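Just below is one structure, and these are the notes that go with it.
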There are 2 protein chains.
Amino acid sequence: MAVIAEPGLRERTRRAVQAEVAAVAMDLFARNGFEHTTVDQIVAAAGMSPRSFFRYFASKEDVVLGAEEAIGQWVADALAARPKTESPWQAARRAFDLLVERNDADEQRNLILRRMLADAPSLRAGHLKKQSRWQELLAPHLANHLPPPPRGRRLDPRPLAIAAAALACLNTAQDAWVREDGRVPFGQLLDESMTAVGPL
Amino acid sequence: MAVIAEPGLRERTRRAVQAEVAAVAMDLFARNGFEHTTVDQIVAAAGMSPRSFFRYFASKEDVVLGAEEAIGQWVADALAARPKTESPWQAARRAFDLLVERNDADEQRNLILRRMLADAPSLRAGHLKKQSRWQELLAPHLANHLPPPPRGRRLDPRPLAIAAAALACLNTAQDAWVREDGRVPFGQLLDESMTAVGPL
DNA sequence: GCCCGTTGTGGCAGTCACTGTCACCAAATC
DNA sequence: GATTTGGTGACAGTGACTGCCACAACGGGC
């Protein structure tokens with residue numbers, strides 16, 4: 001019942017194949033653009049049938065966005081670890097530090113990835129859809145940094161709103177970072193974006 | 001060269017056909033769901049070839065989301081009319097009054113539409129894409145409610161961040177409104193969402 | 001009345017992402 | 001050694017969308 005179960009041979013080989021196909025695909029995407037790369041081209045380069053490709057990836061976009069699921073969980077965990085004395089906005093910003101570090105650790109790679117996101121509408125759409133999952137993941141933890149709702153309100157929109165706003169700032173900062181070609185530190189752009197909306 | 005050129009006979013008939021097909025399509029969507037309605041079914045009901053359908057709508061989603069383009073411009077105009085003494089957040093909230101009125105004017109219709117958005121992922125994706133256009137439309141006007149950027153910063157992320165955050169709150173409020181089946185006034189949910197993020 | 005370009009239309013074939021089904025093969029299990 | 005089990009490829013199909021082309025319908029100039 002461990003949260004991260006023993007990988008198991010089956011799961012490990014699966015991950016390996018997945019990673020290798022993803023690497024091949026990302027290479028093609030970077031060279032020819034996401035939209036101009038067909039699944040047929042990917043599987044031809046990876047030596048695999050189209051049918052099997054879709055057994056490893058739910059969609060073509062999933063090759064690029066597959067990791068986001070797990071990352072969202074990490075951010076949620078980081079948020080849960082913030083002291084309750086912080087304001088929700090502050091806590092969110094600090095939880096995002098994880099993403100800032102991740103970004104700074106491999107700027108070149110992320111620049112390519114973010115550019116792909118900017119160019120391919122379908123990718124952007126998939127990205128935003130994953131982020132709405134993040135919103136649901138972050139909201140409950142943000143509620144802990146908030147005074148309790150007026151009374152037995154069944155549905156408090158405030159945590160969801162703060163989560164959505166924080167993610168909106170995150171995206172805006174990432175876009176700005178790409179537009180500056182990575183010359184302005186991402187953390188700084190994120191700070192500017194978030195302070196413009198609410199006090200840190 | 002008028003911004004709104006004389007409609008002209010051609011344009012008027014085009015709009016009429018577009019509106020009629022959209023009405024037929026929305027009826028099918030409401031009955032069978034967006035995803036389970038094919039373009040073939042729509043054109044069969046409307047007496048039109050599939051090829052012509054795509055001359056009137058860029059995509060199936062565009063039948064539902066076609067109006068959003070213009071609405072975004074209205075909101076931007078409303079925002080431009082706000083006094084510069086208001087804070088950006090305040091000005092955004094007041095500009096959204098237009099949407100609140102629009103929503104309250106035809107609750108039943110909007111409830112159906114919002115439910116469709118919640119159920120069909122591709123529609124949601126298209127919706128968010130249109131909203132990123134709104135962000136670009138609103139940002140420059142928000143800049144007028146903000147102290148000028150530090151120095152000759154080429155790209156100020158602050159107006160874009162505020163626009164994105166405000167739209168995020170708007171969406172959250174709309175989602176909450178649907179989840180409450182329209183029983184809680186939309187304007188109230190929007191107020192709660194936006195005040196949670198920044199002071200009005 | 002006739003030629004004319006312009007504009008809207010349907011039909012047809014094609015692309016591309018994605019799915020259901022089925023038979024096959026290899027490795028694990030009995 | 002027979003049998004189950006999970007991964008695989010081939011094939012056909014769906015559904016959104018596009019390019020192309022031929023064919024009206026319309027209006028103006030002659």
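Numbering starts fresh at 1 for the residues of each chain in the structure tokens, the chains themselves are lettered A, B, ... in the order given, and ligands are numbered from 1 as they appear.
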Name the residues of chain A that come out as alpha helix (DSSP H) in a backbone DSSP run; write them as a VMD selection string. chain A and resid 8 to 32 39 to 46 50 to 56 60 to 65 68 to 80 88 to 105 107 to 119 121 to 143 157 to 179 186 to 197
For stretch 132-139 of chain A, please output as a PyMOL selection string all residues within 12 Å (counting only C-alpha atoms (C1' of nucleotides); exclusion window: fewer than 6 positions along the same chain). (chain A and resi 68-81+88-89+91-93+95-96+125-126+145-146+155-168+170) or (chain B and resi 118+121+124-125+128+168-169+171-172+175)
Residues of chain A near chain C: apply a cut-off of 12 Å, count only C-alpha atoms (C1' of nucleotides), and supply the list as a PyMOL selection string. chain A and resi 10+35-41+50-55+57-61+122
Write the residues of the selection above to a file with C-alpha atoms, as a JSON list (two decimals), in the first residue's frame.
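That gives us result13.json:
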[["chain", "number", "residue", "atom", "x", "y", "z"],
["A", 10, "ARG", "CA", 6.74, -4.77, -15.96],
["A", 35, "GLU", "CA", 2.16, 20.15, -35.32],
["A", 36, "HIS", "CA", 4.19, 19.18, -38.35],
["A", 37, "THR", "CA", 5.29, 15.93, -36.80],
["A", 38, "THR", "CA", 2.85, 13.07, -37.31],
["A", 39, "VAL", "CA", 2.47, 10.07, -35.07],
["A", 40, "ASP", "CA", 3.47, 7.95, -38.06],
["A", 41, "GLN", "CA", 6.81, 9.74, -38.24],
["A", 50, "PRO", "CA", 1.07, 3.40, -34.35],
["A", 51, "ARG", "CA", -1.26, 1.24, -32.34],
["A", 52, "SER", "CA", 1.37, 0.62, -29.71],
["A", 53, "PHE", "CA", 2.23, 4.28, -29.51],
["A", 54, "PHE", "CA", -1.23, 4.94, -28.17],
["A", 55, "ARG", "CA", -0.75, 2.23, -25.60],
["A", 57, "PHE", "CA", 0.65, 7.75, -24.60],
["A", 58, "ALA", "CA", -2.97, 8.75, -24.31],
["A", 59, "SER", "CA", -2.43, 11.31, -27.05],
["A", 60, "LYS", "CA", 0.29, 12.96, -29.07],
["A", 61, "GLU", "CA", 0.25, 15.88, -26.63],
["A", 122, "SER", "CA", -3.34, 22.03, -29.19]]
Give me, as number ranges by chain, the contact residues of chain D against chain B at a cut-off of 10 Å, counting only C-alpha atoms (C1' of nucleotides). D: 15-18
Counting only C-alpha atoms, which of B:Arg109, B:Lys129, B:Arg153, B:Arg183 gets nearest to chain A? B:Lys129
In Å, with one decimal, what is the gap from atom CA of A:Ser87 to atom CA of A:Leu200?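 So the two atoms, atom CA of A:Ser87 and atom CA of A:Leu200, lie 7.8 Å apart.
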For atom CA of B:Trp177 and atom CA of B:Ala120, quote the distance in Å rounded to one decimal.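 One can read the atom CA of B:Trp177 to atom CA of B:Ala120 distance as 17.4 Å.
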How many Å separate atom CA of B:Pro83 from atom CA of A:Ala176?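 Atom-to-atom, atom CA of B:Pro83 and atom CA of A:Ala176 are spaced 27.9 Å apart.
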